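What follows is the content of target12.pdb, which has PDB, C-alpha atoms:
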```pdb
ATOM      1  CA  MET D  44      30.743  22.394  -8.330
ATOM      2  CA  LYS D  45      31.742  20.571 -11.518
ATOM      3  CA  THR D  46      35.093  19.660  -9.987
ATOM      4  CA  LYS D  47      33.402  18.099  -6.986
ATOM      5  CA  LEU D  48      31.108  16.043  -9.150
ATOM      6  CA  SER D  49      33.969  14.764 -11.283
ATOM      7  CA  THR D  50      35.999  13.975  -8.160
ATOM      8  CA  HIS D  51      33.284  11.998  -6.443
ATOM      9  CA  GLN D  52      31.956  10.231  -9.536
ATOM     10  CA  PRO D  53      34.599   7.446  -9.621
ATOM     11  CA  LEU D  54      34.064   6.736  -5.919
ATOM     12  CA  ARG D  55      30.331   6.555  -6.488
ATOM     13  CA  GLU D  56      30.792   4.119  -9.368
ATOM     14  CA  ILE D  57      33.094   1.949  -7.275
ATOM     15  CA  GLY D  58      30.463   1.975  -4.534
ATOM     16  CA  ASN D  59      27.798   0.909  -7.029
ATOM     17  CA  VAL D  60      29.936  -1.992  -8.237
ATOM     18  CA  LEU D  61      30.701  -3.110  -4.676
ATOM     19  CA  LEU D  62      27.029  -2.888  -3.756
ATOM     20  CA  TRP D  63      26.047  -5.004  -6.757
ATOM     21  CA  LEU D  64      28.743  -7.585  -5.958
ATOM     22  CA  GLY D  65      27.469  -7.676  -2.392
ATOM     23  CA  ILE D  66      23.936  -8.353  -3.631
ATOM     24  CA  VAL D  67      25.239 -11.108  -5.921
ATOM     25  CA  TYR D  68      27.090 -12.730  -3.001
ATOM     26  CA  ILE D  69      24.093 -12.526  -0.675
ATOM     27  CA  THR D  70      21.875 -13.947  -3.421
ATOM     28  CA  TRP D  71      24.287 -16.835  -3.939
ATOM     29  CA  THR D  72      24.375 -17.455  -0.190
ATOM     30  CA  PHE D  73      20.583 -17.547  -0.137
ATOM     31  CA  MET D  74      20.177 -19.758  -3.219
ATOM     32  CA  HIS D  75      23.095 -22.152  -2.679
ATOM     33  CA  PRO D  76      21.209 -24.428  -0.232
ATOM     34  CA  ALA D  77      18.668 -25.051  -3.013
ATOM     35  CA  ASP D  78      21.293 -26.796  -5.170
ATOM     36  CA  PRO D  79      20.148 -30.301  -4.085
ATOM     37  CA  TYR D  80      16.752 -29.556  -5.677
ATOM     38  CA  LEU D  81      18.485 -29.997  -9.030
ATOM     39  CA  GLN D  82      18.641 -33.727  -8.339
ATOM     40  CA  PHE D  83      14.867 -33.734  -8.975
ATOM     41  CA  THR D  84      14.297 -36.608  -6.565
ATOM     42  CA  LYS D  85      11.221 -37.021  -4.392
ATOM     43  CA  GLU D  86      13.406 -37.523  -1.350
ATOM     44  CA  VAL D  87      15.037 -34.096  -1.757
ATOM     45  CA  LEU D  88      12.052 -32.121  -3.009
ATOM     46  CA  GLY D  89       9.502 -33.562  -0.606
ATOM     47  CA  ARG D  90       6.153 -31.724  -0.873
ATOM     48  CA  TYR D  91       7.475 -29.742  -3.838
ATOM     49  CA  PHE D  92       8.046 -32.804  -6.029
ATOM     50  CA  PRO D  93       4.701 -32.564  -7.895
ATOM     51  CA  VAL D  94       5.391 -28.880  -8.659
ATOM     52  CA  ARG D  95       9.166 -29.182  -9.035
ATOM     53  CA  TRP D  96       9.378 -27.340 -12.360
ATOM     54  CA  PHE D  97       7.515 -24.369 -10.930
ATOM     55  CA  LEU D  98       9.887 -24.400  -7.953
ATOM     56  CA  ILE D  99      13.013 -24.387 -10.130
ATOM     57  CA  LEU D 100      11.669 -21.616 -12.369
ATOM     58  CA  HIS D 101      10.642 -19.592  -9.315
ATOM     59  CA  ILE D 102      14.115 -19.823  -7.795
ATOM     60  CA  THR D 103      15.993 -19.220 -11.049
ATOM     61  CA  ALA D 104      13.878 -16.298 -12.262
ATOM     62  CA  GLY D 105      13.772 -14.795  -8.777
ATOM     63  CA  GLY D 106      17.558 -14.874  -8.554
ATOM     64  CA  GLY D 107      17.756 -13.226 -11.959
ATOM     65  CA  ALA D 108      15.412 -10.443 -10.819
ATOM     66  CA  ILE D 109      17.526  -9.806  -7.719
ATOM     67  CA  ILE D 110      20.725  -9.498  -9.772
ATOM     68  CA  LEU D 111      19.162  -7.432 -12.575
ATOM     69  CA  GLY D 112      17.343  -5.011 -10.278
ATOM     70  CA  PRO D 113      20.273  -2.746  -9.303
ATOM     71  CA  PHE D 114      21.043  -2.008 -12.958
ATOM     72  CA  GLN D 115      17.714  -0.191 -13.175
ATOM     73  CA  PHE D 116      19.056   2.431 -10.782
ATOM     74  CA  TRP D 117      22.597   2.662 -12.181
ATOM     75  CA  LYS D 118      22.344   5.916 -14.138
ATOM     76  CA  ARG D 119      25.789   5.657 -15.693
ATOM     77  CA  LEU D 120      24.675   2.628 -17.718
ATOM     78  CA  TYR D 121      22.086   4.644 -19.603
ATOM     79  CA  ALA D 122      23.741   8.075 -19.523
ATOM     80  CA  LYS D 123      24.132   7.993 -23.318
ATOM     81  CA  GLY D 124      20.733   6.516 -24.070
ATOM     82  CA  TRP D 125      17.803   4.609 -22.620
ATOM     83  CA  LYS D 126      18.042   1.504 -24.795
ATOM     84  CA  ILE D 127      20.092  -0.580 -22.353
ATOM     85  CA  HIS D 128      17.849   0.543 -19.487
ATOM     86  CA  ARG D 129      14.780  -0.659 -21.378
ATOM     87  CA  ILE D 130      16.390  -3.965 -22.306
ATOM     88  CA  ILE D 131      17.444  -4.730 -18.732
ATOM     89  CA  GLY D 132      14.065  -3.511 -17.495
ATOM     90  CA  THR D 133      12.292  -5.904 -19.851
ATOM     91  CA  PHE D 134      14.353  -8.843 -18.598
ATOM     92  CA  TYR D 135      13.669  -7.780 -15.000
ATOM     93  CA  LEU D 136       9.935  -7.593 -15.717
ATOM     94  CA  LEU D 137       9.924 -11.047 -17.337
ATOM     95  CA  ALA D 138      11.933 -12.504 -14.442
ATOM     96  CA  VAL D 139       9.511 -11.082 -11.874
ATOM     97  CA  LEU D 140       6.521 -12.237 -13.922
ATOM     98  CA  ALA D 141       7.841 -15.801 -14.199
ATOM     99  CA  SER D 142       8.962 -16.056 -10.574
ATOM    100  CA  SER D 143       5.825 -14.456  -9.099
ATOM    101  CA  ILE D 144       3.426 -16.631 -11.112
ATOM    102  CA  CYS D 145       5.332 -19.710  -9.977
ATOM    103  CA  ALA D 146       5.256 -18.358  -6.407
ATOM    104  CA  VAL D 147       1.460 -18.082  -6.539
ATOM    105  CA  ILE D 148       1.214 -21.652  -7.856
ATOM    106  CA  LEU D 149       3.549 -22.958  -5.148
ATOM    107  CA  ALA D 150       1.736 -20.984  -2.455
ATOM    108  CA  SER D 151      -1.587 -22.359  -3.654
ATOM    109  CA  THR D 152      -0.448 -25.995  -3.670
ATOM    110  CA  ALA D 153       2.580 -27.304  -1.778
ATOM    111  CA  SER D 154       2.673 -24.492   0.781
ATOM    112  CA  TYR D 155      -0.629 -25.577   2.330
ATOM    113  CA  ALA D 156       1.228 -28.609   3.700
ATOM    114  CA  VAL D 157       2.985 -26.193   6.061
ATOM    115  CA  GLY D 158      -0.167 -24.322   7.051
ATOM    116  CA  TRP D 159      -2.865 -21.935   5.873
ATOM    117  CA  PRO D 160      -1.234 -18.759   7.309
ATOM    118  CA  TYR D 161       2.065 -19.740   5.670
ATOM    119  CA  ALA D 162       0.449 -20.241   2.257
ATOM    120  CA  PHE D 163      -1.714 -17.121   2.476
ATOM    121  CA  SER D 164       1.200 -14.854   3.434
ATOM    122  CA  LEU D 165       3.115 -16.112   0.398
ATOM    123  CA  GLN D 166       0.122 -15.501  -1.872
ATOM    124  CA  VAL D 167      -0.186 -11.903  -0.669
ATOM    125  CA  TRP D 168       3.564 -11.394  -0.990
ATOM    126  CA  ALA D 169       3.642 -12.632  -4.591
ATOM    127  CA  THR D 170       0.611 -10.498  -5.463
ATOM    128  CA  VAL D 171       2.249  -7.369  -4.081
ATOM    129  CA  TRP D 172       5.413  -8.224  -5.993
ATOM    130  CA  ILE D 173       3.836  -8.560  -9.430
ATOM    131  CA  SER D 174       1.433  -5.637  -8.910
ATOM    132  CA  ALA D 175       4.210  -3.231  -7.862
ATOM    133  CA  THR D 176       6.285  -4.287 -10.864
ATOM    134  CA  PHE D 177       3.344  -3.944 -13.249
ATOM    135  CA  ILE D 178       2.568  -0.440 -11.956
ATOM    136  CA  ALA D 179       6.229   0.520 -12.484
ATOM    137  CA  TYR D 180       5.999  -0.767 -16.058
ATOM    138  CA  ARG D 181       2.729   1.071 -16.605
ATOM    139  CA  MET D 182       4.211   4.344 -15.349
ATOM    140  CA  ALA D 183       7.037   3.986 -17.876
ATOM    141  CA  LEU D 184       4.582   3.383 -20.713
ATOM    142  CA  ILE D 185       2.663   6.584 -19.974
ATOM    143  CA  ARG D 186       5.983   8.428 -19.493
ATOM    144  CA  LYS D 187       5.525   9.264 -15.829
ATOM    145  CA  PHE D 188       9.161   8.543 -15.119
ATOM    146  CA  LYS D 189       9.320   9.881 -11.556
ATOM    147  CA  GLN D 190       6.493   7.574 -10.513
ATOM    148  CA  HIS D 191       8.122   4.807 -12.562
ATOM    149  CA  GLN D 192      11.330   5.130 -10.553
ATOM    150  CA  GLU D 193       9.454   5.148  -7.249
ATOM    151  CA  TRP D 194       7.486   2.019  -8.155
ATOM    152  CA  MET D 195      10.658   0.309  -9.372
ATOM    153  CA  VAL D 196      12.145   0.907  -5.935
ATOM    154  CA  ARG D 197       9.051  -0.622  -4.350
ATOM    155  CA  SER D 198       9.234  -3.576  -6.716
ATOM    156  CA  TYR D 199      12.877  -4.205  -5.926
ATOM    157  CA  LEU D 200      12.315  -3.904  -2.174
ATOM    158  CA  VAL D 201       9.731  -6.680  -2.452
ATOM    159  CA  THR D 202      12.186  -8.663  -4.597
ATOM    160  CA  LEU D 203      14.931  -8.350  -1.986
ATOM    161  CA  ALA D 204      12.479  -9.418   0.710
ATOM    162  CA  PHE D 205      12.837 -13.029  -0.441
ATOM    163  CA  VAL D 206      16.514 -12.936   0.452
ATOM    164  CA  ILE D 207      16.023 -10.983   3.677
ATOM    165  CA  SER D 208      13.269 -13.241   5.018
ATOM    166  CA  GLY D 209      15.011 -16.399   3.846
ATOM    167  CA  LEU D 210      18.308 -15.564   5.531
ATOM    168  CA  LEU D 211      16.592 -14.477   8.751
ATOM    169  CA  LEU D 212      14.654 -17.735   8.920
ATOM    170  CA  ARG D 213      17.924 -19.665   8.700
ATOM    171  CA  THR D 214      19.570 -17.939  11.657
ATOM    172  CA  PRO D 215      19.918 -20.160  14.766
ATOM    173  CA  TRP D 216      18.099 -17.703  17.046
ATOM    174  CA  VAL D 217      15.055 -17.415  14.778
ATOM    175  CA  LYS D 218      14.855 -21.190  14.484
ATOM    176  CA  THR D 219      14.383 -21.416  18.256
ATOM    177  CA  LEU D 220      11.216 -19.302  18.041
ATOM    178  CA  GLY D 221       9.101 -22.066  16.537
ATOM    179  CA  SER D 222       8.364 -24.124  13.449
ATOM    180  CA  LEU D 223       8.356 -22.708   9.934
ATOM    181  CA  GLY D 224       4.591 -22.751   9.893
ATOM    182  CA  ASP D 225       4.484 -20.738  13.129
ATOM    183  CA  ILE D 226       7.104 -18.068  12.474
ATOM    184  CA  GLY D 227       7.353 -18.071   8.659
ATOM    185  CA  PRO D 228       4.376 -15.772   7.993
ATOM    186  CA  THR D 229       5.666 -13.184  10.481
ATOM    187  CA  PHE D 230       9.059 -12.982   8.814
ATOM    188  CA  PHE D 231       7.509 -12.985   5.348
ATOM    189  CA  TRP D 232       5.494  -9.884   6.220
ATOM    190  CA  LEU D 233       8.503  -8.387   7.981
ATOM    191  CA  GLY D 234      10.674  -8.869   4.893
ATOM    192  CA  TRP D 235       8.603  -6.694   2.561
ATOM    193  CA  ALA D 236       6.101  -4.655   4.586
ATOM    194  CA  VAL D 237       8.645  -2.937   6.834
ATOM    195  CA  PRO D 238      11.011  -1.880   3.985
ATOM    196  CA  LEU D 239       8.036  -0.547   1.995
ATOM    197  CA  TYR D 240       6.825   1.417   5.013
ATOM    198  CA  LEU D 241      10.274   2.918   5.584
ATOM    199  CA  TYR D 242      10.509   3.854   1.911
ATOM    200  CA  GLU D 243       7.147   5.640   2.117
ATOM    201  CA  VAL D 244       8.455   7.560   5.134
ATOM    202  CA  VAL D 245      11.527   8.613   3.155
ATOM    203  CA  LEU D 246       9.368   9.723   0.217
ATOM    204  CA  SER D 247       7.097  11.673   2.535
ATOM    205  CA  VAL D 248      10.037  13.531   4.095
ATOM    206  CA  LYS D 249      11.488  14.341   0.663
ATOM    207  CA  ARG D 250       8.173  15.685  -0.598
ATOM    208  CA  LYS D 251       7.763  17.925   2.428
ATOM    209  CA  GLY D 252      11.328  19.153   1.978
TER     210      GLY D 252
END
```
I'd like the structure from this file rewritten - as structure tokens, please.
Amino acid sequence: MKTKLSTHQPLREIGNVLLWLGIVYITWTFMHPADPYLQFTKEVLGRYFPVRWFLILHITAGGGAIILGPFQFWKRLYAKGWKIHRIIGTFYLLAVLASSICAVILASTASYAVGWPYAFSLQVWATVWISATFIAYRMALIRKFKQHQEWMVRSYLVTLAFVISGLLLRTPWVKTLGSLGDIGPTFFWLGWAVPLYLYEVVLSVKRKG
């Protein structure tokens, strides 16, 4: 048994690195179109110009959370101690906190220009994001580490939903379905609710097993 573990460990680590690099690439692909926002002009930012600093912080911190998230599940990084896990976890928590607060502000201001359903779906999404992350943090504080890990998975699934929904909304076929105000809320809910549901199914099967 020990031989098998030692044989498969390098392959597993390579897989973890490739997965993280894949997430970084997808995140860059998702965030790259936002580069013009850095011009900080009213023409580029449009309805977001009055809340431009919240928009930039939301995007930047959100991207940081997406990239930091996988390290929370990479056991090799904290095999010799939990210090690095706690440090990265703290940065992840701060990134989610900053990005989600900005998301609520954006959803409560500029997003209403698109439509009430659009703004409301973003408000719910951001609330789920920060609450799942806070519960994960709380579970760590009271040393319920199994529940902490489960809630961290939920938090990161909601984090990834920004990329999933954003990329889907940019596909040519989805664009033919209607305007952003019409189809945006559906894909926002799809991005985080479905992955969370599937994760709960997986947990349920594991518990029964």
Nearby residues (all atoms listed in the file) at most 9 Å from Val67 of chain D, same-chain spacing under 5 positions excluded, as a ChimeraX atom specification: /D:62,72,106,109-110
Exercise: Val139 of chain D partners within 8 Å, only C-alpha atoms, chain neighbours under 5 positions left out, as a PyMOL selection string: chain D and resi 104-105+108+172-173+176
Take the residues from that selection and put them in a file with C-alpha atoms, as a PDB file, in the coordinates of the input.
```
ATOM      1  CA  ALA D 104      13.878 -16.298 -12.262  1.00  0.00           C
ATOM      2  CA  GLY D 105      13.772 -14.795  -8.777  1.00  0.00           C
ATOM      3  CA  ALA D 108      15.412 -10.443 -10.819  1.00  0.00           C
ATOM      4  CA  TRP D 172       5.413  -8.224  -5.993  1.00  0.00           C
ATOM      5  CA  ILE D 173       3.836  -8.560  -9.430  1.00  0.00           C
ATOM      6  CA  THR D 176       6.285  -4.287 -10.864  1.00  0.00           C
TER       7      THR D 176
END
```
Long-range neighbours of Ile66 of chain D as a CSV table (one decimal) with C-alpha atoms, in the frame of the given file, 10 Å cut-off, only C-alpha atoms, 5 positions minimum in chain:
```csv
chain,number,residue,atom,x,y,z
D,60,VAL,CA,29.9,-2.0,-8.2
D,61,LEU,CA,30.7,-3.1,-4.7
D,71,TRP,CA,24.3,-16.8,-3.9
D,72,THR,CA,24.4,-17.5,-0.2
D,109,ILE,CA,17.5,-9.8,-7.7
D,110,ILE,CA,20.7,-9.5,-9.8
D,112,GLY,CA,17.3,-5.0,-10.3
D,113,PRO,CA,20.3,-2.7,-9.3
D,203,LEU,CA,14.9,-8.4,-2.0
D,206,VAL,CA,16.5,-12.9,0.5
```
Give as a PDB file with C-alpha atoms, in the frame of the given file each residue that has an atom at most 10 Å from (26.8, -0.2, -14.7) in the file, counting all atoms listed in the file.
```
ATOM      1  CA  GLU D  56      30.792   4.119  -9.368  1.00  0.00           C
ATOM      2  CA  ILE D  57      33.094   1.949  -7.275  1.00  0.00           C
ATOM      3  CA  ASN D  59      27.798   0.909  -7.029  1.00  0.00           C
ATOM      4  CA  VAL D  60      29.936  -1.992  -8.237  1.00  0.00           C
ATOM      5  CA  TRP D  63      26.047  -5.004  -6.757  1.00  0.00           C
ATOM      6  CA  PRO D 113      20.273  -2.746  -9.303  1.00  0.00           C
ATOM      7  CA  PHE D 114      21.043  -2.008 -12.958  1.00  0.00           C
ATOM      8  CA  GLN D 115      17.714  -0.191 -13.175  1.00  0.00           C
ATOM      9  CA  PHE D 116      19.056   2.431 -10.782  1.00  0.00           C
ATOM     10  CA  TRP D 117      22.597   2.662 -12.181  1.00  0.00           C
ATOM     11  CA  LYS D 118      22.344   5.916 -14.138  1.00  0.00           C
ATOM     12  CA  ARG D 119      25.789   5.657 -15.693  1.00  0.00           C
ATOM     13  CA  LEU D 120      24.675   2.628 -17.718  1.00  0.00           C
ATOM     14  CA  TYR D 121      22.086   4.644 -19.603  1.00  0.00           C
TER      15      TYR D 121
END
```
Neighbour residues at most 12 Å from (-2.0, -19.3, 2.8) (only C-alpha atoms) as a ChimeraX atom specification: /D:146-169,224,227-228,231
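The two atoms in question, atom CA of Ile102 of chain D and atom CA of Tyr240 of chain D, are spaced 25.9 Å apart.
Atom pair atom CA of Asp78 of chain D / atom CA of Ala138 of chain D: separated by 19.4 Å.
Atom CA of Ala204 of chain D lies 4.6 Å from atom CA of Gly234 of chain D.
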Work out where the centre of an axis-aligned box around every listed atom of segment 101-112 of chain D lies and how long its edges are once 8 Å is added on each side; give both in Å to one decimal as JSON.
```
{"center_x": 15.7, "center_y": -12.4, "center_z": -10.1, "size_x": 26.1, "size_y": 30.8, "size_z": 20.9}
```
Which of D:Leu64, D:Tyr80, D:Arg95, D:Ala175 sits closest to Leu111 of chain D [using only C-alpha atoms]: D:Leu64
Selection near Ser174 of chain D, 12 Å with all atoms listed in the file, sequence-local residues under 4 positions removed, as a PyMOL selection string: chain D and resi 136+139-140+143-144+167-170+178-181+194-195+197-199+201-202
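Shortest atom-to-atom contact with Thr84 of chain D among D:Ile130, D:Thr103, D:Trp96, D:Ser222: D:Trp96, counting all atoms listed in the file.
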